[in-house]
Every structure is written in structure tokens, then in C-alpha cells.
file data31.cif (mmCIF, C-alpha atoms)
data_protein
loop_
_atom_site.group_PDB
_atom_site.id
_atom_site.type_symbol
_atom_site.label_atom_id
_atom_site.label_comp_id
_atom_site.auth_asym_id
_atom_site.auth_seq_id
_atom_site.Cartn_x
_atom_site.Cartn_y
_atom_site.Cartn_z
ATOM 1 C CA MET A 1057 20.770 50.276 -39.808
ATOM 2 C CA SER A 1058 23.470 52.290 -41.626
ATOM 3 C CA SER A 1059 27.171 51.731 -41.149
ATOM 4 C CA LYS A 1060 27.416 55.053 -39.324
ATOM 5 C CA GLU A 1061 24.621 54.146 -36.912
ATOM 6 C CA THR A 1062 26.242 50.749 -36.258
ATOM 7 C CA ASN A 1063 29.547 52.377 -35.399
ATOM 8 C CA ILE A 1064 27.808 54.783 -33.005
ATOM 9 C CA THR A 1065 26.038 51.883 -31.258
ATOM 10 C CA ASN A 1066 29.281 49.936 -30.872
ATOM 11 C CA GLU A 1067 31.016 53.005 -29.446
ATOM 12 C CA ILE A 1068 28.231 53.405 -26.871
ATOM 13 C CA GLU A 1069 28.498 49.744 -25.806
ATOM 14 C CA ASP A 1070 32.299 50.022 -25.563
ATOM 15 C CA ALA A 1071 31.919 53.139 -23.434
ATOM 16 C CA LYS A 1072 29.522 51.350 -21.058
ATOM 17 C CA ALA A 1073 31.872 48.392 -20.757
ATOM 18 C CA SER A 1074 34.804 50.688 -20.181
ATOM 19 C CA LYS A 1075 32.881 52.604 -17.497
ATOM 20 C CA THR A 1076 31.907 49.339 -15.717
ATOM 21 C CA LEU A 1077 35.505 48.187 -15.775
ATOM 22 C CA LYS A 1078 36.686 51.568 -14.426
ATOM 23 C CA ASP A 1079 34.054 51.451 -11.663
ATOM 24 C CA THR A 1080 35.118 48.010 -10.528
ATOM 25 C CA LYS A 1081 38.767 49.047 -10.576
ATOM 26 C CA ALA A 1082 37.917 52.180 -8.633
ATOM 27 C CA LEU A 1083 36.353 49.988 -5.952
ATOM 28 C CA GLY A 1084 39.432 47.809 -5.900
ATOM 29 C CA ILE A 1085 37.603 44.912 -7.575
ATOM 30 C CA ASP A 1086 39.274 43.043 -10.389
ATOM 31 C CA SER A 1087 37.085 41.914 -13.322
ATOM 32 C CA VAL A 1088 38.262 38.354 -12.675
ATOM 33 C CA ASP A 1089 36.916 38.607 -9.102
ATOM 34 C CA VAL A 1090 33.552 39.783 -10.427
ATOM 35 C CA HIS A 1091 33.395 36.820 -12.791
ATOM 36 C CA ASP A 1092 34.386 34.370 -10.022
ATOM 37 C CA ASP A 1093 31.738 35.769 -7.680
ATOM 38 C CA ARG A 1094 29.052 35.386 -10.332
ATOM 39 C CA THR A 1095 30.162 31.804 -11.032
ATOM 40 C CA ALA A 1096 30.050 31.039 -7.301
ATOM 41 C CA ARG A 1097 26.488 32.368 -7.023
ATOM 42 C CA ILE A 1098 25.377 30.254 -9.973
ATOM 43 C CA HIS A 1099 27.053 27.222 -8.402
ATOM 44 C CA ARG A 1100 25.318 27.824 -5.064
ATOM 45 C CA ARG A 1101 21.936 28.132 -6.802
ATOM 46 C CA ARG A 1102 22.518 24.827 -8.575
ATOM 47 C CA ILE A 1103 23.456 23.144 -5.303
ATOM 48 C CA ARG A 1104 20.288 24.474 -3.640
ATOM 49 C CA ARG A 1105 18.160 23.151 -6.533
ATOM 50 C CA ILE A 1106 19.827 19.726 -6.297
ATOM 51 C CA GLN A 1107 19.353 19.681 -2.526
ATOM 52 C CA GLY A 1108 15.678 20.626 -2.903
ATOM 53 C CA LEU A 1109 15.161 17.867 -5.463
ATOM 54 C CA GLY A 1110 16.926 15.393 -3.178
ATOM 55 C CA VAL A 1111 14.640 16.310 -0.262
ATOM 56 C CA ARG A 1112 11.520 15.868 -2.419
ATOM 57 C CA ILE A 1113 12.723 12.462 -3.633
ATOM 58 C CA LEU A 1114 13.492 11.400 -0.050
ATOM 59 C CA VAL A 1115 10.036 12.498 1.152
ATOM 60 C CA PHE A 1116 8.402 10.578 -1.720
ATOM 61 C CA ILE A 1117 10.362 7.406 -0.930
ATOM 62 C CA LEU A 1118 9.490 7.733 2.763
ATOM 63 C CA ALA A 1119 5.791 8.194 1.943
ATOM 64 C CA VAL A 1120 5.791 5.104 -0.296
ATOM 65 C CA TRP A 1121 7.548 3.098 2.435
ATOM 66 C CA VAL A 1122 5.000 4.175 5.077
ATOM 67 C CA VAL A 1123 2.043 3.387 2.804
ATOM 68 C CA PHE A 1124 3.208 -0.042 1.621
ATOM 69 C CA PHE A 1125 4.866 -1.291 4.820
ATOM 70 C CA TRP A 1126 2.545 0.107 7.487
ATOM 71 C CA ILE A 1127 -0.832 0.854 5.869
ATOM 72 C CA ILE A 1128 -1.260 -1.126 2.637
ATOM 73 C CA GLY A 1129 -0.004 -4.594 1.782
ATOM 74 C CA ILE A 1130 0.083 -6.597 -1.440
ATOM 75 C CA THR A 1131 0.091 -10.376 -1.653
ATOM 76 C CA THR A 1132 -1.110 -13.241 -3.825
ATOM 77 C CA VAL A 1133 -3.979 -15.644 -3.168
ATOM 78 C CA PRO A 1134 -2.216 -18.865 -2.095
ATOM 79 C CA ASN A 1135 -4.709 -21.409 -3.429
ATOM 80 C CA GLY A 1136 -8.129 -21.952 -4.954
ATOM 81 C CA ASP A 1137 -10.066 -22.142 -1.676
ATOM 82 C CA MET A 1138 -11.765 -18.765 -2.330
ATOM 83 C CA ASN A 1139 -12.943 -19.707 -5.818
ATOM 84 C CA PRO A 1140 -14.894 -18.250 -7.603
ATOM 85 C CA SER A 1141 -14.445 -14.913 -5.751
ATOM 86 C CA LEU A 1142 -10.654 -15.159 -5.822
ATOM 87 C CA LYS A 1143 -8.479 -17.532 -7.764
ATOM 88 C CA ALA A 1144 -5.057 -18.949 -6.916
ATOM 89 C CA GLY A 1145 -2.371 -16.468 -7.950
ATOM 90 C CA ASP A 1146 -4.616 -13.383 -7.946
ATOM 91 C CA LEU A 1147 -2.746 -10.288 -6.760
ATOM 92 C CA ILE A 1148 -4.689 -8.618 -3.937
ATOM 93 C CA MET A 1149 -4.296 -5.427 -1.905
ATOM 94 C CA TYR A 1150 -5.117 -5.390 1.796
ATOM 95 C CA TYR A 1151 -5.482 -2.713 4.473
ATOM 96 C CA ARG A 1152 -3.342 -3.373 7.548
ATOM 97 C CA LEU A 1153 -4.870 -0.947 10.064
ATOM 98 C CA ASP A 1154 -8.543 -2.029 10.100
ATOM 99 C CA THR A 1155 -9.342 -3.554 13.519
ATOM 100 C CA LEU A 1156 -13.125 -3.143 13.175
ATOM 101 C CA LEU A 1157 -13.660 -6.222 11.055
ATOM 102 C CA GLU A 1158 -17.201 -7.357 10.315
ATOM 103 C CA LYS A 1159 -18.945 -10.505 9.131
ATOM 104 C CA ASP A 1160 -18.490 -11.183 5.402
ATOM 105 C CA ASP A 1161 -15.168 -9.267 5.326
ATOM 106 C CA VAL A 1162 -12.439 -11.118 3.433
ATOM 107 C CA ILE A 1163 -9.118 -11.146 5.259
ATOM 108 C CA THR A 1164 -5.609 -12.417 4.694
ATOM 109 C CA PHE A 1165 -3.863 -13.960 7.689
ATOM 110 C CA HIS A 1166 -1.195 -16.383 8.825
ATOM 111 C CA LYS A 1167 -1.887 -19.518 10.816
ATOM 112 C CA ASN A 1168 0.873 -21.949 11.784
ATOM 113 C CA ASP A 1169 3.284 -20.122 9.428
ATOM 114 C CA THR A 1170 0.902 -20.620 6.487
ATOM 115 C CA LYS A 1171 -0.816 -17.830 4.561
ATOM 116 C CA TYR A 1172 -4.584 -17.987 4.105
ATOM 117 C CA VAL A 1173 -7.377 -15.880 2.625
ATOM 118 C CA ALA A 1174 -10.889 -16.435 3.997
ATOM 119 C CA ARG A 1175 -14.233 -14.820 4.837
ATOM 120 C CA ILE A 1176 -15.384 -13.887 8.345
ATOM 121 C CA VAL A 1177 -18.680 -15.532 9.335
ATOM 122 C CA ALA A 1178 -18.603 -14.987 13.116
ATOM 123 C CA LYS A 1179 -16.675 -12.829 15.579
ATOM 124 C CA GLY A 1180 -16.131 -12.348 19.309
ATOM 125 C CA GLY A 1181 -19.224 -13.203 21.365
ATOM 126 C CA ASP A 1182 -20.972 -15.161 18.596
ATOM 127 C CA THR A 1183 -21.813 -18.837 18.897
ATOM 128 C CA ILE A 1184 -21.415 -20.861 15.726
ATOM 129 C CA GLU A 1185 -22.445 -24.332 14.742
ATOM 130 C CA ILE A 1186 -22.234 -26.442 11.585
ATOM 131 C CA SER A 1187 -25.412 -28.476 11.312
ATOM 132 C CA ASP A 1188 -25.723 -32.089 10.238
ATOM 133 C CA ASP A 1189 -27.340 -30.911 7.005
ATOM 134 C CA GLU A 1190 -24.260 -28.707 6.336
ATOM 135 C CA ARG A 1191 -25.709 -25.284 7.185
ATOM 136 C CA VAL A 1192 -23.845 -22.494 9.026
ATOM 137 C CA ILE A 1193 -25.755 -21.439 12.153
ATOM 138 C CA VAL A 1194 -24.717 -18.294 14.072
ATOM 139 C CA ASN A 1195 -26.425 -17.384 17.352
ATOM 140 C CA GLY A 1196 -29.163 -19.918 16.632
ATOM 141 C CA ASN A 1197 -29.954 -18.633 13.133
ATOM 142 C CA SER A 1198 -29.036 -20.195 9.809
ATOM 143 C CA ILE A 1199 -27.179 -17.482 7.887
ATOM 144 C CA TYR A 1200 -27.670 -16.588 4.253
ATOM 145 C CA GLU A 1201 -24.454 -16.189 2.263
ATOM 146 C CA GLY A 1202 -24.820 -14.698 -1.192
ATOM 147 C CA GLY A 1203 -22.279 -15.898 -3.705
ATOM 148 C CA ILE A 1204 -21.542 -19.168 -1.860
ATOM 149 C CA TYR A 1205 -22.444 -22.081 -4.113
ATOM 150 C CA TYR A 1206 -21.354 -24.990 -1.939
ATOM 151 C CA SER A 1207 -22.659 -26.669 1.181
ATOM 152 C CA THR A 1208 -20.593 -26.395 4.375
ATOM 153 C CA PRO A 1209 -19.692 -29.842 5.708
ATOM 154 C CA ARG A 1210 -18.462 -30.242 9.272
ATOM 155 C CA TYR A 1211 -14.878 -31.498 9.606
ATOM 156 C CA GLU A 1212 -14.995 -34.248 12.210
ATOM 157 C CA GLY A 1213 -12.262 -34.463 14.818
ATOM 158 C CA PHE A 1214 -11.082 -30.830 14.724
ATOM 159 C CA VAL A 1215 -13.559 -28.311 16.214
ATOM 160 C CA GLU A 1216 -16.332 -29.080 18.675
ATOM 161 C CA TYR A 1217 -19.713 -27.367 18.162
ATOM 162 C CA PRO A 1218 -21.447 -25.267 19.247
ATOM 163 C CA LEU A 1219 -18.402 -22.980 19.550
ATOM 164 C CA THR A 1220 -18.501 -19.576 21.252
ATOM 165 C CA ILE A 1221 -15.970 -17.185 19.717
ATOM 166 C CA GLY A 1222 -13.621 -15.410 22.122
ATOM 167 C CA GLN A 1223 -12.968 -11.668 22.077
ATOM 168 C CA ASN A 1224 -10.616 -10.491 19.328
ATOM 169 C CA GLU A 1225 -11.117 -13.784 17.526
ATOM 170 C CA TYR A 1226 -12.907 -14.688 14.297
ATOM 171 C CA PHE A 1227 -14.391 -17.802 12.748
ATOM 172 C CA VAL A 1228 -13.583 -17.816 9.031
ATOM 173 C CA LEU A 1229 -14.703 -19.948 6.116
ATOM 174 C CA VAL A 1230 -13.396 -20.199 2.581
ATOM 175 C CA ASP A 1231 -15.846 -19.890 -0.314
ATOM 176 C CA MET A 1232 -14.941 -23.334 -1.652
ATOM 177 C CA ARG A 1233 -16.549 -25.061 1.333
ATOM 178 C CA GLU A 1234 -15.910 -28.674 0.401
ATOM 179 C CA GLY A 1235 -12.318 -29.521 1.242
ATOM 180 C CA GLY A 1236 -11.071 -25.950 1.865
ATOM 181 C CA GLU A 1237 -8.909 -25.172 4.909
ATOM 182 C CA ASP A 1238 -10.492 -22.717 7.348
ATOM 183 C CA SER A 1239 -11.711 -22.456 10.966
ATOM 184 C CA ARG A 1240 -13.412 -25.855 10.695
ATOM 185 C CA TYR A 1241 -9.893 -27.243 10.495
ATOM 186 C CA PHE A 1242 -7.613 -24.945 12.556
ATOM 187 C CA GLY A 1243 -10.095 -23.147 14.826
ATOM 188 C CA THR A 1244 -10.577 -19.426 15.310
ATOM 189 C CA VAL A 1245 -8.237 -16.747 13.958
ATOM 190 C CA LYS A 1246 -6.807 -14.273 16.466
ATOM 191 C CA GLN A 1247 -6.601 -10.554 15.708
ATOM 192 C CA SER A 1248 -2.812 -10.761 16.024
ATOM 193 C CA GLU A 1249 -2.700 -13.346 13.214
ATOM 194 C CA ILE A 1250 -4.532 -11.134 10.724
ATOM 195 C CA ASP A 1251 -2.449 -9.305 8.114
ATOM 196 C CA GLY A 1252 -5.290 -7.142 6.865
ATOM 197 C CA LEU A 1253 -8.654 -6.617 5.206
ATOM 198 C CA VAL A 1254 -8.707 -7.416 1.487
ATOM 199 C CA ILE A 1255 -9.809 -4.230 -0.312
ATOM 200 C CA SER A 1256 -8.999 -4.816 -3.973
ATOM 201 C CA VAL A 1257 -7.939 -7.335 -6.584
ATOM 202 C CA LEU A 1258 -5.060 -5.750 -8.516
ATOM 203 C CA ARG A 1259 -4.591 -8.475 -11.112
ATOM 204 C CA ARG A 1260 -6.441 -11.619 -12.031
ATOM 205 C CA ASP A 1261 -4.195 -14.617 -12.549
ATOM 206 C CA GLY A 1262 -3.915 -15.467 -16.220
ATOM 207 C CA ILE A 1263 -4.889 -11.997 -17.458
#

call {"tool": "encode", "arguments": {"input": "data31.cif", "output": "C-alpha cells"}}
result
Amino acid sequence: MSSKETNITNEIEDAKASKTLKDTKALGIDSVDVHDDRTARIHRRRIRRIQGLGVRILVFILAVWVVFFWIIGITTVPNGDMNPSLKAGDLIMYYRLDTLLEKDDVITFHKNDTKYVARIVAKGGDTIEISDDERVIVNGNSIYEGGIYYSTPRYEGFVEYPLTIGQNEYFVLVDMREGGEDSRYFGTVKQSEIDGLVISVLRRDGI
């Protein structure tokens, strides 16, 4: 662009600026007021963006709180009674809202202020017995338990057999049957004592 063309362009821009200034003065508006109004609008937009971000963060925190305090729980396996399925110290996730528990479900629960993890073998209405030859008998039938590698001795002096399970109660056994603490020791587990259904192992201890 030549020097002459540059000068013409600058004169046009100056004329536009001068006209804008004259228009604002004609309307009784000072250029400072125009600048302040624009700054205020920018400030309001920033505030709205910050408020929107704050609402989204609050909703996210609330959702996480609902999920992990009302629906999902995380805990550790307290001992080696569920070996080899679960080992002491394993981090497990459990579902709090499942009330339709079935046989072979693994649950976490509290009994006498102590945390346990065990497997359901009988529920309300079932009759269970531990035979002299250390078999689990439910409703007159010896049950097959895949993945259980130990016999199931009866603990003398704690539970009398045959035992009929009450409604909303469960008879649970640990996988490490010899010496493990379960319903042979403390009796049935009430629905109100159950924390939830174990749904996943998040971390293996020692990994």
C-alpha cells in the first residue's frame, strides 16, 4: 500500500471515530460512560460463567455423594476367611440397595459391631443342616458348591440343627470353612445387618 493510500485509510478511520464520538455526545452519552457500560457487561458475563461452573461442580459433588454414600460402598476384606476368592486387605465394591439377595451371593455385613464378608447358602424359609460328615444340607439336599475346597465342620455349642431360616434372614458361610467365623458361630444374618452385595474387587492386596 502506498503512502497516499495509507493516509487516506487513516483519515477514513479517524472520521468514523469522530462520527461515533459525535453521535454519543449528541445522545448525551460520554465516551467514558460507554466504556464503563461495556466493562460492566463483560464483568457480568464473567460472573455468569463462574456461577454456571460453580453449579456444575456442585451437581457433580452431589452426584458423587449420592452414589458413594447411598448406592455404592467401598470397603476392605477384614480377614482371610474368604480365601481363595477374596484375600485379607482386598478392596471391594458393594451395592447397598439390593434386597433380592440369592444363594451364592457374597455380602458384606456387620454382626456384633464386627465387619464380615461371607457367602449366602440359605435364606428365609430354608432349612439347613451341617451333617456329621461335614456336608451342607439345605431342604434335605446336599448342595454342590463350586470353588469351595474345604469341608464344612459343625461348630458344637453354637447353633442347633436342623435350623429353619426366618424371613429376611440369611445363613452365610465363609469359603475357608475350617475355622472361619460365619453363621455356624453367630447364627443367621438379618437383612438390617447387611451393608450390601459385593459386586467387584477393585484392588488385590499386594498388587

call {"tool": "atom_distance", "arguments": {"input": "data31.cif", "atom1": "atom CA of Asn1224 of chain A", "atom2": "atom CA of Arg1240 of chain A"}}
result
17.8 Å

call {"tool": "closest_residue", "arguments": {"input": "data31.cif", "among": "A:Thr1183, A:Thr1170, A:Ser1198, A:Asn1135", "to": "Gly1236 of chain A", "atoms": "only C-alpha atoms"}}
result
A:Asn1135

call {"tool": "closest_atom_pairs", "arguments": {"input": "data31.cif", "of": "segment 1131-1170 of chain A", "to": "segment 1241-1257 of chain A", "cutoff": "6 Å", "atoms": "only C-alpha atoms", "output": "Markdown table"}}
result
| residue | atom | partner | partner_atom | distance |
| --- | --- | --- | --- | --- |
| A:Leu1147 | CA | A:Val1257 | CA | 6.0 |
| A:Ile1148 | CA | A:Val1257 | CA | 4.4 |
| A:Met1149 | CA | A:Ser1256 | CA | 5.2 |
| A:Tyr1150 | CA | A:Val1254 | CA | 4.1 |
| A:Tyr1151 | CA | A:Gly1252 | CA | 5.0 |
| A:Arg1152 | CA | A:Gly1252 | CA | 4.3 |
| A:Val1162 | CA | A:Val1254 | CA | 5.6 |
| A:Ile1163 | CA | A:Leu1253 | CA | 4.6 |
| A:Thr1164 | CA | A:Asp1251 | CA | 5.6 |
| A:Phe1165 | CA | A:Ile1250 | CA | 4.2 |
| A:His1166 | CA | A:Glu1249 | CA | 5.5 |

call {"tool": "closest_residue", "arguments": {"input": "data31.cif", "among": "A:Arg1097, A:Lys1159, A:Leu1114, A:Arg1105", "to": "Tyr1200 of chain A", "atoms": "only C-alpha atoms"}}
result
A:Lys1159

call {"tool": "atom_distance", "arguments": {"input": "data31.cif", "atom1": "atom CA of Ile1184 of chain A", "atom2": "atom CA of Leu1219 of chain A"}}
result
5.3 Å

call {"tool": "atom_distance", "arguments": {"input": "data31.cif", "atom1": "atom CA of Asp1182 of chain A", "atom2": "atom CA of Gly1222 of chain A"}}
result
8.2 Å

call {"tool": "residues_around", "arguments": {"input": "data31.cif", "residues": "Met1138 of chain A", "least_positions_apart": "4", "cutoff": "8 Å", "atoms": "only C-alpha atoms", "output": "PyMOL selection string"}}
result
chain A and resi 1142-1143+1173-1174+1230-1232

call {"tool": "closest_residue", "arguments": {"input": "data31.cif", "among": "A:Ile1186, A:Leu1157, A:Ile1199, A:Ile1128", "to": "Glu1216 of chain A", "atoms": "only C-alpha atoms"}}
result
A:Ile1186

call {"tool": "decode", "arguments": {"input": "data31.cif", "residues": "segment 1175-1211 of chain A", "atoms": "N, CA and C atoms", "output": "mmCIF file, in the first residue's frame"}}
result
data_model
loop_
_atom_site.group_PDB
_atom_site.id
_atom_site.type_symbol
_atom_site.label_atom_id
_atom_site.label_comp_id
_atom_site.auth_asym_id
_atom_site.auth_seq_id
_atom_site.Cartn_x
_atom_site.Cartn_y
_atom_site.Cartn_z
ATOM 1 N N ARG A 1175 -20.586 -65.802 52.191
ATOM 2 C CA ARG A 1175 -21.422 -66.245 51.073
ATOM 3 C C ARG A 1175 -22.748 -66.800 51.588
ATOM 4 N N ILE A 1176 -23.848 -66.396 50.942
ATOM 5 C CA ILE A 1176 -25.166 -66.889 51.335
ATOM 6 C C ILE A 1176 -25.341 -68.331 50.850
ATOM 7 N N VAL A 1177 -25.773 -69.209 51.771
ATOM 8 C CA VAL A 1177 -26.058 -70.597 51.372
ATOM 9 C C VAL A 1177 -27.529 -70.958 51.606
ATOM 10 N N ALA A 1178 -28.227 -70.173 52.413
ATOM 11 C CA ALA A 1178 -29.654 -70.419 52.652
ATOM 12 C C ALA A 1178 -30.321 -69.107 53.044
ATOM 13 N N LYS A 1179 -31.607 -68.979 52.729
ATOM 14 C CA LYS A 1179 -32.335 -67.757 53.061
ATOM 15 C C LYS A 1179 -33.696 -68.087 53.672
ATOM 16 N N GLY A 1180 -34.503 -67.052 53.907
ATOM 17 C CA GLY A 1180 -35.767 -67.216 54.599
ATOM 18 C C GLY A 1180 -36.623 -68.370 54.075
ATOM 19 N N GLY A 1181 -37.053 -69.243 54.984
ATOM 20 C CA GLY A 1181 -37.887 -70.383 54.608
ATOM 21 C C GLY A 1181 -37.107 -71.663 54.400
ATOM 22 N N ASP A 1182 -35.798 -71.583 54.192
ATOM 23 C CA ASP A 1182 -34.974 -72.772 54.004
ATOM 24 C C ASP A 1182 -34.661 -73.424 55.353
ATOM 25 N N THR A 1183 -34.435 -74.714 55.307
ATOM 26 C CA THR A 1183 -33.967 -75.448 56.481
ATOM 27 C C THR A 1183 -32.573 -75.981 56.181
ATOM 28 N N ILE A 1184 -31.638 -75.667 57.046
ATOM 29 C CA ILE A 1184 -30.244 -76.037 56.813
ATOM 30 C C ILE A 1184 -29.735 -76.954 57.919
ATOM 31 N N GLU A 1185 -28.813 -77.795 57.525
ATOM 32 C CA GLU A 1185 -28.200 -78.705 58.480
ATOM 33 C C GLU A 1185 -26.751 -78.951 58.057
ATOM 34 N N ILE A 1186 -25.875 -79.101 59.040
ATOM 35 C CA ILE A 1186 -24.494 -79.499 58.790
ATOM 36 C C ILE A 1186 -24.369 -80.945 59.258
ATOM 37 N N SER A 1187 -24.076 -81.821 58.312
ATOM 38 C CA SER A 1187 -24.074 -83.255 58.626
ATOM 39 C C SER A 1187 -22.826 -83.663 59.410
ATOM 40 N N ASP A 1188 -22.891 -84.876 59.960
ATOM 41 C CA ASP A 1188 -21.752 -85.385 60.716
ATOM 42 C C ASP A 1188 -20.525 -85.566 59.828
ATOM 43 N N ASP A 1189 -20.767 -85.827 58.532
ATOM 44 C CA ASP A 1189 -19.627 -85.978 57.619
ATOM 45 C C ASP A 1189 -19.267 -84.655 56.934
ATOM 46 N N GLU A 1190 -19.709 -83.531 57.556
ATOM 47 C CA GLU A 1190 -19.287 -82.170 57.196
ATOM 48 C C GLU A 1190 -19.771 -81.742 55.811
ATOM 49 N N ARG A 1191 -21.034 -82.080 55.503
ATOM 50 C CA ARG A 1191 -21.679 -81.620 54.279
ATOM 51 C C ARG A 1191 -22.752 -80.603 54.640
ATOM 52 N N VAL A 1192 -23.006 -79.648 53.724
ATOM 53 C CA VAL A 1192 -24.062 -78.648 53.909
ATOM 54 C C VAL A 1192 -25.332 -79.183 53.248
ATOM 55 N N ILE A 1193 -26.405 -79.302 54.028
ATOM 56 C CA ILE A 1193 -27.661 -79.851 53.537
ATOM 57 C C ILE A 1193 -28.736 -78.775 53.665
ATOM 58 N N VAL A 1194 -29.355 -78.412 52.549
ATOM 59 C CA VAL A 1194 -30.416 -77.393 52.528
ATOM 60 C C VAL A 1194 -31.695 -78.030 51.998
ATOM 61 N N ASN A 1195 -32.751 -77.934 52.795
ATOM 62 C CA ASN A 1195 -34.056 -78.509 52.431
ATOM 63 C C ASN A 1195 -33.934 -79.998 52.080
ATOM 64 N N GLY A 1196 -33.095 -80.696 52.829
ATOM 65 C CA GLY A 1196 -32.953 -82.137 52.665
ATOM 66 C C GLY A 1196 -31.976 -82.563 51.599
ATOM 67 N N ASN A 1197 -31.393 -81.622 50.867
ATOM 68 C CA ASN A 1197 -30.470 -81.961 49.780
ATOM 69 C C ASN A 1197 -29.064 -81.431 50.063
ATOM 70 N N SER A 1198 -28.084 -82.283 49.833
ATOM 71 C CA SER A 1198 -26.690 -81.858 49.955
ATOM 72 C C SER A 1198 -26.369 -80.935 48.782
ATOM 73 N N ILE A 1199 -25.877 -79.746 49.053
ATOM 74 C CA ILE A 1199 -25.663 -78.758 47.997
ATOM 75 C C ILE A 1199 -24.249 -78.858 47.436
ATOM 76 N N TYR A 1200 -24.153 -78.566 46.153
ATOM 77 C CA TYR A 1200 -22.847 -78.529 45.495
ATOM 78 C C TYR A 1200 -22.377 -77.076 45.467
ATOM 79 N N GLU A 1201 -21.144 -76.850 45.890
ATOM 80 C CA GLU A 1201 -20.583 -75.502 45.918
ATOM 81 C C GLU A 1201 -19.287 -75.488 45.117
ATOM 82 N N GLY A 1202 -19.339 -74.964 43.919
ATOM 83 C CA GLY A 1202 -18.137 -74.860 43.107
ATOM 84 C C GLY A 1202 -17.176 -73.840 43.686
ATOM 85 N N GLY A 1203 -15.914 -74.163 43.672
ATOM 86 C CA GLY A 1203 -14.908 -73.229 44.169
ATOM 87 C C GLY A 1203 -14.661 -73.327 45.660
ATOM 88 N N ILE A 1204 -15.378 -74.218 46.368
ATOM 89 C CA ILE A 1204 -15.136 -74.426 47.796
ATOM 90 C C ILE A 1204 -14.294 -75.682 47.939
ATOM 91 N N TYR A 1205 -13.109 -75.529 48.517
ATOM 92 C CA TYR A 1205 -12.146 -76.630 48.553
ATOM 93 C C TYR A 1205 -11.978 -77.233 49.945
ATOM 94 N N TYR A 1206 -12.879 -76.884 50.849
ATOM 95 C CA TYR A 1206 -12.742 -77.353 52.227
ATOM 96 C C TYR A 1206 -14.051 -77.981 52.687
ATOM 97 N N SER A 1207 -13.949 -78.918 53.592
ATOM 98 C CA SER A 1207 -15.141 -79.493 54.205
ATOM 99 C C SER A 1207 -15.750 -78.469 55.162
ATOM 100 N N THR A 1208 -16.984 -78.721 55.580
ATOM 101 C CA THR A 1208 -17.712 -77.749 56.417
ATOM 102 C C THR A 1208 -18.029 -78.380 57.769
ATOM 103 N N PRO A 1209 -17.124 -78.274 58.723
ATOM 104 C CA PRO A 1209 -17.378 -78.878 60.035
ATOM 105 C C PRO A 1209 -18.445 -78.104 60.814
ATOM 106 N N ARG A 1210 -19.186 -78.835 61.613
ATOM 107 C CA ARG A 1210 -20.181 -78.215 62.501
ATOM 108 C C ARG A 1210 -19.461 -77.652 63.725
ATOM 109 N N TYR A 1211 -19.842 -76.440 64.147
ATOM 110 C CA TYR A 1211 -19.282 -75.864 65.364
ATOM 111 C C TYR A 1211 -20.209 -76.237 66.524
#
